[in-house]
Amino acid sequence: MTTSDDKKRQAAEEAAKYIQDGMTLGLGTGSTAAHLVAAVGLMVQKGLTVRCIPTSEETRRLAEAAGVELIDPDESTVIDLVIDGADECDGDLNLIKGGGGALLREKIIASSGTRMIVIADESKNVAQLGKFALPVEIDRFSWPLTIQKIRRVLEAQGIKAPSLNLRPGPREAGGGVYRTDGGNYIVDIACVRIPDADALDRALDMIPGVVETGLFVGLADMAIFGTDAGVTVVEAKKA
Ligand code: 5RP
């Protein structure tokens with residue numbers, strides 16, 4: 001039986017075939033991206049030269065352990081290829097990301113890459129975004145006021161009675177409220193169904209206090225899904 005982790009690894013290994021010598025790579029975050037980091041590490045051992053930008057401290061640690069050369073994001077001007085996981089991916093390759101809490105850095109890097117490939121197991125391939133709770137990163141200052149404004153925007157966007165939850169911190173780290181690598185909070189929003197991801201992303205981004213949303217609209221060029229029958233590759237529709 002092919003496990004979900006096998007499917008994640010298949011997708012990551014297929015995406016690694018698009019890496020070329022000399023590239024600057026954006027490395028995503030999460031369990032699927034961890035397979036990619038391992039694949040890049042093996043390629044580097046065999047002689048590949050790449051420079052990589054991690055999208056989280058977790059990925060930085062994995063990449064360092066795998067012997068992958070990292071550069072400071074401040075140094076880079078061109079990122080050739082970004083490869084990252086997703087929590088949901090629809091038919092237009094719009095994404096929900098941030099389940100692992102790295103959405104801000106992931107979005108900065110995804111929007112800076114010449115090309116972005118999404119890697120996931122087939123369960124992330126959805127007809128419509130919204131079943132996975134949408135992560136939104138917010139500044140800690142006056143966070144209840146920001147949440148109030150987020151709720152109003154959701155209702156104006158036709159998302160009825162959304163439930164909003166401030167993400168709790170990991171139990172092993174003493175609980176409390178989850179903090180991103182940048183020190184912000186995350187609100188997870190159970191939307192059920194997101195009628196217009198682009199409009200919702202824009203409207204949420206207008207709220208003072210919202211740092212970034214987990215909606216990645218029009219950023220991915222290709223999605224690679226691991227399935228029971230091997231990998232499925234989906235290219236973004238050209239405008
Ligand atoms: C982290 C992310 C991840 O890409 C997303 O949560 C998918 O994770 P996984 O590969 O572990 O299923 O957005 O912020």
# chains A, B, ... in the order shown; residues from 1 in each chain; ligands from 1
>>> residues_near_ligand(ligand="ligand 1", cutoff="9 Å", atoms="only C-alpha atoms and all ligand atoms", output="ChimeraX atom specification")
/A:5,8,28-35,55-56,84-88,96-106,118-121,124,135,214
>>> closest_atom_pairs(of="range 49-134 of chain A", to="range 194-200 of chain A", cutoff="8 Å", atoms="only C-alpha atoms", output="JSON lines")
{"residue": "A:Asn94", "atom": "CA", "partner": "A:Ala197", "partner_atom": "CA", "distance": 7.8}
{"residue": "A:Gln128", "atom": "CA", "partner": "A:Ile194", "partner_atom": "CA", "distance": 7.2}
{"residue": "A:Leu129", "atom": "CA", "partner": "A:Ile194", "partner_atom": "CA", "distance": 5.7}
{"residue": "A:Gly130", "atom": "CA", "partner": "A:Ile194", "partner_atom": "CA", "distance": 5.0}
>>> closest_residue(among="A:Leu95, A:Ile79, A:Ile186, A:Ala229", to="Ser112 in chain A", atoms="only C-alpha atoms")
A:Ile79
>>> atom_distance(atom1="CA of Tyr185 in chain A", atom2="CA of Pro168 in chain A")
9.2 Å
>>> atom_distance(atom1="CA of Asn165 in chain A", atom2="CA of Phe216 in chain A")
20.5 Å
>>> select_by_dssp(residues="range 43-228 of chain A", states="strand (DSSP E)", output="PyMOL selection string")
chain A and resi 51-54+79-84+88-89+95-96+113-121+134-138+163-166+185-190+210-213+215-216+222-227
>>> select_by_dssp(residues="range 68-139 of chain A", states="alpha helix (DSSP H)", output="list in words")
Leu103, Leu104, Arg105, Glu106, Lys107, Ile108, Ile109 and Ala110 of chain A
>>> residues_around(residues="Ser123 in chain A", least_positions_apart="5", cutoff="12 Å", atoms="only C-alpha atoms", output="PyMOL selection string")
chain A and resi 3-5+7-8+86-90+131-132+224-228
>>> write_last_selection(atoms="all heavy atoms", output="compact mmCIF listing (two decimals), in the first residue's frame")
# COMPACT_ATOMS: atom_id res chain seq x y z
N THR A 3 1.56 4.76 1.20
CA THR A 3 1.11 5.63 2.29
C THR A 3 1.14 7.09 1.81
O THR A 3 1.74 7.41 0.79
CB THR A 3 2.04 5.52 3.51
OG1 THR A 3 3.34 6.02 3.13
CG2 THR A 3 2.18 4.09 4.00
N SER A 4 0.50 7.93 2.61
CA SER A 4 0.48 9.36 2.27
C SER A 4 1.92 9.90 2.27
O SER A 4 2.28 10.73 1.42
CB SER A 4 -0.44 10.06 3.25
OG SER A 4 0.13 11.16 3.81
N ASP A 5 2.75 9.39 3.15
CA ASP A 5 4.15 9.86 3.17
C ASP A 5 4.90 9.41 1.92
O ASP A 5 5.72 10.16 1.38
CB ASP A 5 4.84 9.37 4.45
CG ASP A 5 6.15 10.13 4.67
OD1 ASP A 5 6.11 11.37 4.71
OD2 ASP A 5 7.21 9.47 4.75
N LYS A 7 3.56 9.07 -0.95
CA LYS A 7 3.08 9.94 -2.04
C LYS A 7 3.76 11.30 -1.97
O LYS A 7 4.11 11.90 -2.99
CB LYS A 7 1.55 10.09 -1.95
CG LYS A 7 0.82 8.79 -2.23
CD LYS A 7 -0.68 8.94 -2.02
CE LYS A 7 -1.37 7.58 -2.00
NZ LYS A 7 -2.77 7.65 -1.63
N LYS A 8 3.98 11.78 -0.77
CA LYS A 8 4.68 13.07 -0.60
C LYS A 8 6.12 12.94 -1.13
O LYS A 8 6.62 13.83 -1.83
CB LYS A 8 4.71 13.46 0.89
CG LYS A 8 3.35 13.84 1.43
CD LYS A 8 3.40 14.17 2.91
CE LYS A 8 2.00 14.49 3.42
NZ LYS A 8 1.97 15.08 4.75
N ALA A 86 1.66 22.14 0.08
CA ALA A 86 0.42 22.92 0.21
C ALA A 86 -0.57 22.12 1.05
O ALA A 86 -0.47 20.90 1.17
CB ALA A 86 -0.20 23.19 -1.16
N ASP A 87 -1.50 22.85 1.64
CA ASP A 87 -2.58 22.19 2.39
C ASP A 87 -3.75 21.88 1.48
O ASP A 87 -4.44 20.87 1.69
CB ASP A 87 -3.01 23.08 3.56
CG ASP A 87 -1.84 23.31 4.50
OD1 ASP A 87 -1.32 22.32 5.03
OD2 ASP A 87 -1.42 24.47 4.67
N GLU A 88 -3.98 22.72 0.49
CA GLU A 88 -4.98 22.45 -0.56
C GLU A 88 -4.50 23.10 -1.85
O GLU A 88 -3.84 24.15 -1.83
CB GLU A 88 -6.35 23.05 -0.20
CG GLU A 88 -7.11 22.28 0.85
CD GLU A 88 -8.53 22.81 1.10
OE1 GLU A 88 -8.86 23.93 0.65
OE2 GLU A 88 -9.29 22.09 1.77
N CYS A 89 -4.87 22.48 -2.98
CA CYS A 89 -4.52 23.02 -4.30
C CYS A 89 -5.73 22.79 -5.21
O CYS A 89 -6.17 21.66 -5.35
CB CYS A 89 -3.29 22.27 -4.81
SG CYS A 89 -2.78 22.72 -6.48
N ASP A 90 -6.26 23.88 -5.79
CA ASP A 90 -7.44 23.68 -6.65
C ASP A 90 -7.02 23.54 -8.12
O ASP A 90 -5.82 23.56 -8.44
CB ASP A 90 -8.48 24.81 -6.43
CG ASP A 90 -8.07 26.15 -7.03
OD1 ASP A 90 -7.08 26.20 -7.80
OD2 ASP A 90 -8.76 27.14 -6.75
N LYS A 131 -11.97 23.72 2.62
CA LYS A 131 -12.24 22.70 3.64
C LYS A 131 -11.15 22.77 4.72
O LYS A 131 -11.43 22.65 5.91
CB LYS A 131 -12.26 21.32 2.98
CG LYS A 131 -13.09 20.32 3.72
CD LYS A 131 -13.36 19.10 2.88
CE LYS A 131 -13.85 17.99 3.78
NZ LYS A 131 -13.72 16.69 3.15
N PHE A 132 -9.91 22.95 4.29
CA PHE A 132 -8.81 23.12 5.25
C PHE A 132 -8.92 24.54 5.83
O PHE A 132 -9.12 25.51 5.09
CB PHE A 132 -7.47 22.94 4.52
CG PHE A 132 -6.29 22.91 5.46
CD1 PHE A 132 -5.84 21.71 5.98
CD2 PHE A 132 -5.64 24.08 5.83
CE1 PHE A 132 -4.76 21.67 6.87
CE2 PHE A 132 -4.56 24.05 6.72
CZ PHE A 132 -4.13 22.85 7.23
N ILE A 224 2.59 18.84 -8.58
CA ILE A 224 2.92 17.42 -8.73
C ILE A 224 2.31 16.70 -7.53
O ILE A 224 2.64 17.01 -6.38
CB ILE A 224 4.44 17.20 -8.79
CG1 ILE A 224 5.05 18.00 -9.95
CG2 ILE A 224 4.76 15.71 -8.92
CD1 ILE A 224 6.57 17.89 -10.05
N PHE A 225 1.38 15.77 -7.83
CA PHE A 225 0.72 15.03 -6.76
C PHE A 225 1.20 13.58 -6.78
O PHE A 225 1.22 12.95 -7.84
CB PHE A 225 -0.80 15.03 -6.97
CG PHE A 225 -1.42 16.40 -6.96
CD1 PHE A 225 -1.84 17.00 -8.14
CD2 PHE A 225 -1.57 17.11 -5.77
CE1 PHE A 225 -2.40 18.26 -8.15
CE2 PHE A 225 -2.13 18.39 -5.77
CZ PHE A 225 -2.55 18.96 -6.96
N GLY A 226 1.55 13.08 -5.62
CA GLY A 226 1.84 11.65 -5.49
C GLY A 226 0.51 10.92 -5.35
O GLY A 226 -0.37 11.36 -4.58
N THR A 227 0.34 9.83 -6.10
CA THR A 227 -0.91 9.06 -6.04
C THR A 227 -0.57 7.57 -5.92
O THR A 227 0.60 7.19 -6.04
CB THR A 227 -1.77 9.27 -7.32
OG1 THR A 227 -1.20 8.47 -8.37
CG2 THR A 227 -1.80 10.72 -7.78
N ASP A 228 -1.62 6.74 -5.77
CA ASP A 228 -1.40 5.29 -5.71
C ASP A 228 -0.77 4.79 -7.00
O ASP A 228 -0.08 3.78 -7.02
CB ASP A 228 -2.74 4.57 -5.50
CG ASP A 228 -3.17 4.68 -4.04
OD1 ASP A 228 -2.29 4.57 -3.16
OD2 ASP A 228 -4.37 4.90 -3.80
>>> residues_around(residues="Ser111 in chain A", least_positions_apart="2", cutoff="10 Å", atoms="only C-alpha atoms", output="list in words")
Ile79, Val82, Arg105, Glu106, Lys107, Ile108, Ile109, Gly113, Thr114, Arg115, Met116, Phe216, Val217, Gly218, Leu219 and Ala220 of chain A
>>> residues_around(residues="range 61-69 of chain A", least_positions_apart="6", cutoff="7 Å", atoms="only C-alpha atoms", output="ChimeraX atom specification")
/A:37-38,41,44,50-52
>>> residues_around(residues="Val153 in chain A", least_positions_apart="4", cutoff="8 Å", atoms="only C-alpha atoms", output="PyMOL selection string")
chain A and resi 149+157+200+203-204
>>> residues_around(residues="Ile117 in chain A", least_positions_apart="6", cutoff="10 Å", atoms="only C-alpha atoms", output="MDAnalysis selection string")
chainID A and resid 12 15:16 18 81:85 93 110 219:224 233:236
>>> decode(residues="range 10-25 of chain A", atoms="N, CA and C atoms", output="PDB file, in the first residue's frame")
ATOM      1  N   GLN A  10       7.238  10.751  -3.370  1.00  0.00           N
ATOM      2  CA  GLN A  10       7.191  10.625  -4.847  1.00  0.00           C
ATOM      3  C   GLN A  10       7.107  11.994  -5.497  1.00  0.00           C
ATOM      4  N   ALA A  11       6.192  12.836  -4.965  1.00  0.00           N
ATOM      5  CA  ALA A  11       5.996  14.178  -5.547  1.00  0.00           C
ATOM      6  C   ALA A  11       7.278  14.995  -5.423  1.00  0.00           C
ATOM      7  N   ALA A  12       7.913  14.915  -4.256  1.00  0.00           N
ATOM      8  CA  ALA A  12       9.143  15.694  -4.025  1.00  0.00           C
ATOM      9  C   ALA A  12      10.257  15.228  -4.964  1.00  0.00           C
ATOM     10  N   GLU A  13      10.375  13.905  -5.125  1.00  0.00           N
ATOM     11  CA  GLU A  13      11.459  13.387  -5.975  1.00  0.00           C
ATOM     12  C   GLU A  13      11.217  13.733  -7.450  1.00  0.00           C
ATOM     13  N   GLU A  14       9.946  13.764  -7.847  1.00  0.00           N
ATOM     14  CA  GLU A  14       9.633  14.154  -9.230  1.00  0.00           C
ATOM     15  C   GLU A  14       9.993  15.643  -9.430  1.00  0.00           C
ATOM     16  N   ALA A  15       9.648  16.462  -8.459  1.00  0.00           N
ATOM     17  CA  ALA A  15       9.944  17.902  -8.577  1.00  0.00           C
ATOM     18  C   ALA A  15      11.449  18.146  -8.629  1.00  0.00           C
ATOM     19  N   ALA A  16      12.200  17.319  -7.908  1.00  0.00           N
ATOM     20  CA  ALA A  16      13.661  17.496  -7.876  1.00  0.00           C
ATOM     21  C   ALA A  16      14.267  17.337  -9.270  1.00  0.00           C
ATOM     22  N   LYS A  17      13.556  16.663 -10.175  1.00  0.00           N
ATOM     23  CA  LYS A  17      14.076  16.484 -11.548  1.00  0.00           C
ATOM     24  C   LYS A  17      14.117  17.812 -12.305  1.00  0.00           C
ATOM     25  N   TYR A  18      13.396  18.814 -11.804  1.00  0.00           N
ATOM     26  CA  TYR A  18      13.384  20.125 -12.480  1.00  0.00           C
ATOM     27  C   TYR A  18      14.530  21.023 -11.998  1.00  0.00           C
ATOM     28  N   ILE A  19      15.293  20.535 -11.036  1.00  0.00           N
ATOM     29  CA  ILE A  19      16.405  21.333 -10.508  1.00  0.00           C
ATOM     30  C   ILE A  19      17.610  21.194 -11.434  1.00  0.00           C
ATOM     31  N   GLN A  20      18.205  22.340 -11.757  1.00  0.00           N
ATOM     32  CA  GLN A  20      19.390  22.315 -12.626  1.00  0.00           C
ATOM     33  C   GLN A  20      20.584  22.907 -11.902  1.00  0.00           C
ATOM     34  N   ASP A  21      21.750  22.459 -12.334  1.00  0.00           N
ATOM     35  CA  ASP A  21      22.994  22.931 -11.729  1.00  0.00           C
ATOM     36  C   ASP A  21      23.071  24.454 -11.791  1.00  0.00           C
ATOM     37  N   GLY A  22      23.492  25.059 -10.695  1.00  0.00           N
ATOM     38  CA  GLY A  22      23.686  26.513 -10.675  1.00  0.00           C
ATOM     39  C   GLY A  22      22.458  27.299 -10.246  1.00  0.00           C
ATOM     40  N   MET A  23      21.336  26.598 -10.068  1.00  0.00           N
ATOM     41  CA  MET A  23      20.095  27.323  -9.714  1.00  0.00           C
ATOM     42  C   MET A  23      20.139  27.876  -8.285  1.00  0.00           C
ATOM     43  N   THR A  24      19.378  28.949  -8.076  1.00  0.00           N
ATOM     44  CA  THR A  24      19.038  29.380  -6.721  1.00  0.00           C
ATOM     45  C   THR A  24      17.621  28.864  -6.463  1.00  0.00           C
ATOM     46  N   LEU A  25      17.474  28.129  -5.365  1.00  0.00           N
ATOM     47  CA  LEU A  25      16.200  27.454  -5.077  1.00  0.00           C
ATOM     48  C   LEU A  25      15.544  28.013  -3.824  1.00  0.00           C
TER      49      LEU A  25
END
